[in-house]
Structures are given as structure tokens and as C-alpha cells.
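K.L.:
What follows is entry-v6.pdb; its format and atoms are PDB, C-alpha atoms, pLDDT in the B column.
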```
ATOM      1  CA  MET A   1      -9.152   0.506  12.190  1.00 84.00           C
ATOM      2  CA  LYS A   2     -10.151   4.159  12.333  1.00 95.00           C
ATOM      3  CA  ILE A   3     -11.593   5.649   9.122  1.00 95.00           C
ATOM      4  CA  ILE A   4     -11.885   9.397   8.591  1.00 96.00           C
ATOM      5  CA  HIS A   5     -13.801  10.811   5.614  1.00 96.00           C
ATOM      6  CA  ASN A   6     -12.603  14.268   4.566  1.00 95.00           C
ATOM      7  CA  LYS A   7     -11.928  16.593   1.623  1.00 94.00           C
ATOM      8  CA  ILE A   8      -8.186  17.072   2.240  1.00 95.00           C
ATOM      9  CA  LEU A   9      -6.607  13.602   2.399  1.00 95.00           C
ATOM     10  CA  PRO A  10      -5.870  11.846   0.216  1.00 95.00           C
ATOM     11  CA  ILE A  11      -5.106  14.199  -2.658  1.00 91.00           C
ATOM     12  CA  LYS A  12      -7.493  14.204  -5.604  1.00 90.00           C
ATOM     13  CA  GLY A  13      -7.188  11.110  -7.755  1.00 88.00           C
ATOM     14  CA  PHE A  14      -6.815   8.743  -4.804  1.00 91.00           C
ATOM     15  CA  LYS A  15      -9.567   7.139  -2.746  1.00 95.00           C
ATOM     16  CA  ALA A  16      -7.756   6.428   0.519  1.00 97.00           C
ATOM     17  CA  ILE A  17      -4.459   6.782   2.318  1.00 96.00           C
ATOM     18  CA  ASN A  18      -3.246   4.925   5.386  1.00 97.00           C
ATOM     19  CA  LEU A  19      -1.217   7.094   7.746  1.00 96.00           C
ATOM     20  CA  PHE A  20       0.047   5.311  10.844  1.00 95.00           C
ATOM     21  CA  GLY A  21      -2.906   2.894  10.746  1.00 93.00           C
ATOM     22  CA  ILE A  22      -5.554   5.621  10.368  1.00 97.00           C
ATOM     23  CA  ILE A  23      -7.403   5.495   7.045  1.00 97.00           C
ATOM     24  CA  PHE A  24      -8.300   8.798   5.413  1.00 97.00           C
ATOM     25  CA  VAL A  25     -10.949   8.431   2.707  1.00 98.00           C
ATOM     26  CA  ARG A  26     -11.760  11.109   0.152  1.00 96.00           C
ATOM     27  CA  LYS A  27     -15.219  12.491   0.968  1.00 95.00           C
ATOM     28  CA  GLY A  28     -17.871  11.433  -1.535  1.00 94.00           C
ATOM     29  CA  LEU A  29     -16.094   8.214  -2.533  1.00 95.00           C
ATOM     30  CA  THR A  30     -17.252   4.738  -1.540  1.00 95.00           C
ATOM     31  CA  PHE A  31     -14.859   2.790   0.688  1.00 97.00           C
ATOM     32  CA  THR A  32     -15.465  -0.907   0.003  1.00 97.00           C
ATOM     33  CA  PRO A  33     -14.450  -4.014   1.982  1.00 97.00           C
ATOM     34  CA  THR A  34     -11.811  -4.600  -0.719  1.00 98.00           C
ATOM     35  CA  ASP A  35     -10.412  -1.112  -0.083  1.00 98.00           C
ATOM     36  CA  ALA A  36     -10.417  -1.809   3.663  1.00 97.00           C
ATOM     37  CA  LEU A  37      -8.463  -5.048   3.193  1.00 98.00           C
ATOM     38  CA  HIS A  38      -5.948  -3.256   0.966  1.00 98.00           C
ATOM     39  CA  GLU A  39      -5.362  -0.716   3.734  1.00 98.00           C
ATOM     40  CA  MET A  40      -5.230  -3.397   6.458  1.00 97.00           C
ATOM     41  CA  ILE A  41      -2.458  -5.108   4.481  1.00 98.00           C
ATOM     42  CA  HIS A  42      -0.562  -1.804   4.582  1.00 98.00           C
ATOM     43  CA  THR A  43      -1.123  -1.581   8.332  1.00 98.00           C
ATOM     44  CA  LYS A  44       0.432  -5.049   8.762  1.00 98.00           C
ATOM     45  CA  GLN A  45       3.364  -3.972   6.590  1.00 98.00           C
ATOM     46  CA  MET A  46       3.825  -0.838   8.710  1.00 98.00           C
ATOM     47  CA  ILE A  47       3.799  -2.771  11.963  1.00 97.00           C
ATOM     48  CA  GLU A  48       6.384  -5.303  10.811  1.00 97.00           C
ATOM     49  CA  MET A  49       8.608  -2.469   9.539  1.00 97.00           C
ATOM     50  CA  LEU A  50       8.250  -0.500  12.791  1.00 97.00           C
ATOM     51  CA  ILE A  51       6.297   2.209  10.952  1.00 97.00           C
ATOM     52  CA  ILE A  52       9.145   4.660  10.222  1.00 97.00           C
ATOM     53  CA  PHE A  53      11.085   2.117   8.136  1.00 98.00           C
ATOM     54  CA  PHE A  54       7.912   1.413   6.143  1.00 98.00           C
ATOM     55  CA  TYR A  55       7.693   5.046   5.081  1.00 98.00           C
ATOM     56  CA  ILE A  56      11.430   5.312   4.355  1.00 98.00           C
ATOM     57  CA  TRP A  57      11.401   2.119   2.258  1.00 98.00           C
ATOM     58  CA  TYR A  58       8.182   3.200   0.512  1.00 98.00           C
ATOM     59  CA  LEU A  59       9.676   6.562  -0.518  1.00 98.00           C
ATOM     60  CA  VAL A  60      13.032   5.141  -1.600  1.00 98.00           C
ATOM     61  CA  GLU A  61      11.409   2.359  -3.599  1.00 97.00           C
ATOM     62  CA  TRP A  62       9.033   4.840  -5.262  1.00 97.00           C
ATOM     63  CA  LEU A  63      11.981   7.070  -6.244  1.00 98.00           C
ATOM     64  CA  VAL A  64      13.869   4.101  -7.703  1.00 96.00           C
ATOM     65  CA  LYS A  65      10.785   2.965  -9.640  1.00 95.00           C
ATOM     66  CA  LEU A  66      10.214   6.536 -10.821  1.00 96.00           C
ATOM     67  CA  CYS A  67      13.697   6.517 -12.354  1.00 96.00           C
ATOM     68  CA  ILE A  68      12.968   3.152 -13.986  1.00 93.00           C
ATOM     69  CA  TYR A  69       9.468   3.877 -15.326  1.00 93.00           C
ATOM     70  CA  ARG A  70       9.609   7.686 -15.651  1.00 96.00           C
ATOM     71  CA  ASN A  71       5.931   7.691 -14.724  1.00 96.00           C
ATOM     72  CA  ALA A  72       4.638   8.425 -11.203  1.00 95.00           C
ATOM     73  CA  THR A  73       1.618   6.130 -11.513  1.00 93.00           C
ATOM     74  CA  LEU A  74       3.650   3.159 -12.756  1.00 94.00           C
ATOM     75  CA  ALA A  75       6.225   3.809 -10.047  1.00 95.00           C
ATOM     76  CA  TYR A  76       3.460   3.751  -7.411  1.00 94.00           C
ATOM     77  CA  LEU A  77       1.860   0.567  -8.806  1.00 94.00           C
ATOM     78  CA  ASN A  78       5.228  -1.208  -8.761  1.00 95.00           C
ATOM     79  CA  ILE A  79       6.159  -0.509  -5.143  1.00 96.00           C
ATOM     80  CA  SER A  80       6.398  -3.905  -3.437  1.00 97.00           C
ATOM     81  CA  PHE A  81       4.001  -2.838  -0.646  1.00 98.00           C
ATOM     82  CA  GLU A  82       1.378  -1.774  -3.202  1.00 97.00           C
ATOM     83  CA  ARG A  83       1.880  -4.865  -5.326  1.00 96.00           C
ATOM     84  CA  GLU A  84       1.251  -7.123  -2.322  1.00 97.00           C
ATOM     85  CA  ALA A  85      -1.821  -5.117  -1.290  1.00 98.00           C
ATOM     86  CA  TYR A  86      -3.365  -4.945  -4.789  1.00 97.00           C
ATOM     87  CA  PHE A  87      -2.652  -8.613  -5.534  1.00 96.00           C
ATOM     88  CA  ASN A  88      -4.307  -9.808  -2.306  1.00 97.00           C
ATOM     89  CA  GLN A  89      -7.036  -7.228  -1.659  1.00 97.00           C
ATOM     90  CA  LYS A  90      -9.825  -9.613  -2.694  1.00 98.00           C
ATOM     91  CA  ASN A  91      -8.590 -12.572  -0.634  1.00 98.00           C
ATOM     92  CA  PHE A  92     -10.365 -11.997   2.675  1.00 97.00           C
ATOM     93  CA  ASN A  93      -8.379 -14.825   4.303  1.00 98.00           C
ATOM     94  CA  TYR A  94      -5.073 -13.244   3.311  1.00 98.00           C
ATOM     95  CA  LEU A  95      -4.240 -11.587   6.618  1.00 97.00           C
ATOM     96  CA  LYS A  96      -4.740 -14.909   8.428  1.00 97.00           C
ATOM     97  CA  GLU A  97      -2.473 -16.719   5.943  1.00 97.00           C
ATOM     98  CA  ARG A  98       0.077 -13.957   5.395  1.00 97.00           C
ATOM     99  CA  LYS A  99       3.659 -14.647   6.406  1.00 97.00           C
ATOM    100  CA  LEU A 100       5.847 -12.003   8.013  1.00 97.00           C
ATOM    101  CA  PHE A 101       7.494  -9.640   5.502  1.00 97.00           C
ATOM    102  CA  SER A 102       5.492 -11.087   2.580  1.00 97.00           C
ATOM    103  CA  TRP A 103       5.958  -7.838   0.642  1.00 96.00           C
ATOM    104  CA  ARG A 104       9.571  -8.872  -0.035  1.00 95.00           C
ATOM    105  CA  PHE A 105       8.344 -11.516  -2.497  1.00 93.00           C
ATOM    106  CA  TYR A 106       6.980  -8.685  -4.666  1.00 94.00           C
ATOM    107  CA  LEU A 107      10.382  -7.008  -5.028  1.00 90.00           C
ATOM    108  CA  LYS A 108      11.671  -9.379  -7.711  1.00 77.00           C
ATOM    109  CA  SER A 109       8.530 -10.814  -9.249  1.00 60.00           C
ATOM    110  CA  LYS A 110       7.267  -9.610 -12.620  1.00 59.00           C
ATOM    111  CA  GLN A 111       6.569  -5.889 -12.619  1.00 63.00           C
ATOM    112  CA  VAL A 112       3.342  -4.151 -13.649  1.00 62.00           C
ATOM    113  CA  ASP A 113       3.701  -2.252 -16.956  1.00 54.00           C
TER
END
```
Here is a file; write its structure as C-alpha cells.
P.N.:
Amino acid sequence: MKIIHNKILPIKGFKAINLFGIIFVRKGLTFTPTDALHEMIHTKQMIEMLIIFFYIWYLVEWLVKLCIYRNATLAYLNISFEREAYFNQKNFNYLKERKLFSWRFYLKSKQVD
């Protein structure tokens, strides 16, 4: 996992962003093992979705959630990929136990409000 600290990505208000398996961390912010696991979960999601479909699904799901919640932050927190990553980011055995396409179980489960 390659990590790049910089002042450009991600935008202000976010600590890290995973683009094609490369983690960009906002300069001056601490990147913890929990943050790393969160981003590694996203990398697994990307790989199983052949990368391009991950980004398409992510955007479409965010737009749908934005219409539902009318709040960009709530829409982001309720994307199935994010829900899986946030829910499991402290379980350091998760990637060993994780089943293929596990994010799909977070599509219908109770939403974050």
C-alpha cells in the first residue's frame, strides 16, 4: 500500500482518499492503523469490482443517497462501501475473514442517520 502525504488530496475536511489503491493523506493529519485498515477494505472492494465499476457504483449510490438524505455527509456515510469500511475498520482480522462482495450486505441493513 503506497501512502502519499500532501496538501492537495483529499480536499479539506477529509483525512485520506484511496485512488486506485494509492492512499493520499492530508498533510499534517495523523494516519492511524485504523485509517489504514479502512482504506485497505476499500482497496479490496475496488479489486473485486474491477476498479472502474467500484467508482461508478460509488458515485451512483452517493447520488441516490443524496436524494434520500438531502445531505452530502449523510449520503457519504450511507454508501455501502463506506458502511462496510467504517463498521470493520477496528477489526484487524477482517480482511482475512472477509467474504467476496461483503459490501452488498450493507445495502439493505439499517442506515446511518
K.L.:
Expand the PyMOL selection byres ((chain A and resi 49) around 12) into the explicit residue set it covers here, and present it as an MDAnalysis selection string.
P.N.:
chainID A and resid 20 42:48 50:58 81 100:104
K.L.:
For the atom pair CA of Lys65 (chain A) and CA of Phe92 (chain A), what is the interatomic distance in Å to one decimal place?
P.N.:
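Interatomic distance, CA of Lys65 (chain A) to CA of Phe92 (chain A): 28.7 Å.
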K.L.:
Mind checking which residues fall within 7 Å of region 29-39 of chain A, counting only C-alpha atoms, ignoring those fewer than 5 positions away in the same chain, and posting them as a list in words?
P.N.:
Lys15, Asn18, Ala85, Tyr86, Gln89 and Lys90 of chain A
K.L.:
Quote the spacing between CA of Arg83 (chain A) and CA of Ile41 (chain A) in Å to one decimal place.
P.N.:
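Atom-to-atom, CA of Arg83 (chain A) and CA of Ile41 (chain A) are spaced 10.7 Å apart.
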K.L.:
Evaluating the PyMOL selection byres ((chain A and resi 7) around 12) on the displayed file yields which residues, as a list in words?
P.N.:
Ile4, His5, Asn6, Ile8, Leu9, Pro10, Ile11, Lys12, Gly13, Phe14, Lys15, Ala16, Phe24, Val25, Arg26, Lys27, Gly28 and Leu29 of chain A
K.L.:
Measure the distance from CA of Met1 (chain A) to CA of Met40 (chain A) in Å and round it to one decimal.
P.N.:
8.0 Å
